[in-house]
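Accompanying notes for the structure given below.
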Amino acid sequence: MKIRIKFQKSGVMKFIGHLDMMRYFQKAMRRADIDIAYSEGFSPHQIMSFAAPLGVGITSDGEYLDIEVHETLSSEEAVAALNRVMVEGVSVVSYRKLPDQAKTAMSIVAAADYDVYYKDEKDCSFTLSELQDKAHQFYHEAKEILVTKQTKKSEKIMDLRQLVYDFQVREREGVPAYFIRVSTGSVDNVKPELFLEAFYQFLGAEYPESKLQIHRLEVYAKNSDDTFVSLEDMGEDIVG
């Protein structure tokens, strides 16, 4: 049986890297008595995969991992069992059954939403209206936004206008903040930092990386009609 788990990551846990999060959840499955399936062969391991690794320092409300189980508790019971063994800064939101033919979250991720906001309101040197006007010019009026992305072996020219699906400047607790929906996945993966660096270059200002907090809101797959569906909505709750 295929299961998709959604969890949140906050506080000091934002500094824990992806590989350590994998090891953490492997231990959590055993402690919560989840009847997880193991691979066959000389070195069996839990059948588990994560949707889209989160960068160090980024918090999230929408992280996903897929597992396979032999038998299972109800969704409500499984969420409670997992949260009993979670550390502060990690909490399980949902535990949902997937169709038997469902692909792993890792293979179908297409987009992700992010909130980006100033950690201290004093650090923002622009007004809300100034940033909204500039965002309209930079993103909504642009036909292309070309940037150079450094890869392991070379440089790659990317048109962010085709890979950033939405960009808005909003007010958050009286301070301007950004909402960004970007292409995510193994083929066209855009980090919000790359887009914001280009935006601040357009503003004629230095990108204030250390002053901004990036928070992932949700992760999506793409339907056949090019609309987005959250990974959580692709499963259904297990009723006890």
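Scheme for the structure tokens: letters A, B, ... for chains in order shown; per-chain residue numbers from 1; ligand numbers from 1 in order shown.
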With stretch 191-204 of chain A as the partner and 8 Å as the cut-off, tabulate the residues of stretch 69-156 of chain A that qualify, each row holding the nearest pair of atoms and their distance in Å to one decimal, using only C-alpha atoms, sorted by chain and rising number, as CSV.
```
residue,atom,partner,partner_atom,distance
A:Tyr114,CA,A:Pro192,CA,7.5
A:Lys134,CA,A:Leu203,CA,7.3
A:Ala135,CA,A:Phe199,CA,7.7
A:Phe138,CA,A:Phe199,CA,7.0
A:Val147,CA,A:Ala198,CA,7.3
```
(message) Between atom CA of A:Tyr64 and atom CA of A:Tyr118, what distance in Å does the model show, to one decimal?
(response) 25.9 Å
(request) Considering only C-alpha atoms, return as JSON, numbers by chain whatever protein or nucleic-acid residues lie within 10 Å of A:Met106, sequence-local ones (same chain, fewer than 2 positions apart) excluded. (result) {"A": [49, 50, 51, 52, 53, 64, 65, 66, 103, 104, 108, 109, 110, 185, 186, 221]}
Can I get the residues of stretch 30-66 of chain A within 12 Å of stretch 77-80 of chain A, each with the closest pair of atoms and their distance in Å to one decimal, using only C-alpha atoms, sorted chain first then ascending number, as a tab-separated table?
```
residue	atom	partner	partner_atom	distance
A:Arg31	CA	A:Ala78	CA	11.9
A:Ala32	CA	A:Ala78	CA	8.1
A:Asp33	CA	A:Ala78	CA	9.2
A:Ile34	CA	A:Ala78	CA	7.6
A:Asp35	CA	A:Ala78	CA	10.5
A:Ile36	CA	A:Ala78	CA	11.9
```
(request) Find the residues around A:Val175 up to 10 Å (only C-alpha atoms counted), leave out those fewer than 6 positions away in its own chain, and share them as a PyMOL selection string. (result) chain A and resi 117-118+120-124+126-128
Keeping C-alpha atoms for every residue in the selection just given, could you write it to a file as a PDB file, in the first residue's frame?
```
ATOM      1  CA  TYR A 117       9.690  37.885   4.009  1.00  0.00           C
ATOM      2  CA  TYR A 118      12.054  40.109   5.954  1.00  0.00           C
ATOM      3  CA  ASP A 120      13.217  42.273  10.710  1.00  0.00           C
ATOM      4  CA  GLU A 121      10.887  44.974   9.411  1.00  0.00           C
ATOM      5  CA  LYS A 122      13.715  47.526   9.709  1.00  0.00           C
ATOM      6  CA  ASP A 123      15.666  45.709   6.979  1.00  0.00           C
ATOM      7  CA  CYS A 124      13.245  46.607   4.168  1.00  0.00           C
ATOM      8  CA  PHE A 126      11.447  49.879  -0.057  1.00  0.00           C
ATOM      9  CA  THR A 127       7.782  50.756   0.344  1.00  0.00           C
ATOM     10  CA  LEU A 128       5.039  48.305  -0.589  1.00  0.00           C
TER      11      LEU A 128
END
```
(request) Check the smallest atom-to-atom distance from each of A:Met158, A:Glu236, A:Asp226, A:Leu54 to A:Leu19 using only C-alpha atoms, then report the winner. (result) A:Leu54
(message) So that I can check the surroundings of A:Ile47, please list as a ChimeraX atom specification every protein, DNA and RNA residue that reaches within 7 Å of it, counting only C-alpha atoms and ignoring chain neighbours fewer than 3 positions away.
(response) /A:37-39,67-68
Take the residues from that selection and put them in a file with C-alpha atoms, as a short mmCIF file (atom, residue, chain, number, x, y, z; two decimals), in the first residue's frame.
```
data_model
loop_
_atom_site.label_atom_id
_atom_site.label_comp_id
_atom_site.auth_asym_id
_atom_site.auth_seq_id
_atom_site.Cartn_x
_atom_site.Cartn_y
_atom_site.Cartn_z
CA ALA A 37 7.97 -2.15 3.69
CA TYR A 38 11.64 -2.84 3.00
CA SER A 39 13.44 -3.45 -0.26
CA ILE A 67 6.38 5.22 1.77
CA GLU A 68 5.04 1.72 1.21
#
```
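Proximity of A:Phe228, A:Phe25, A:Phe179, A:Tyr139 to A:Val87, computed with only C-alpha atoms, is greatest for A:Phe25.
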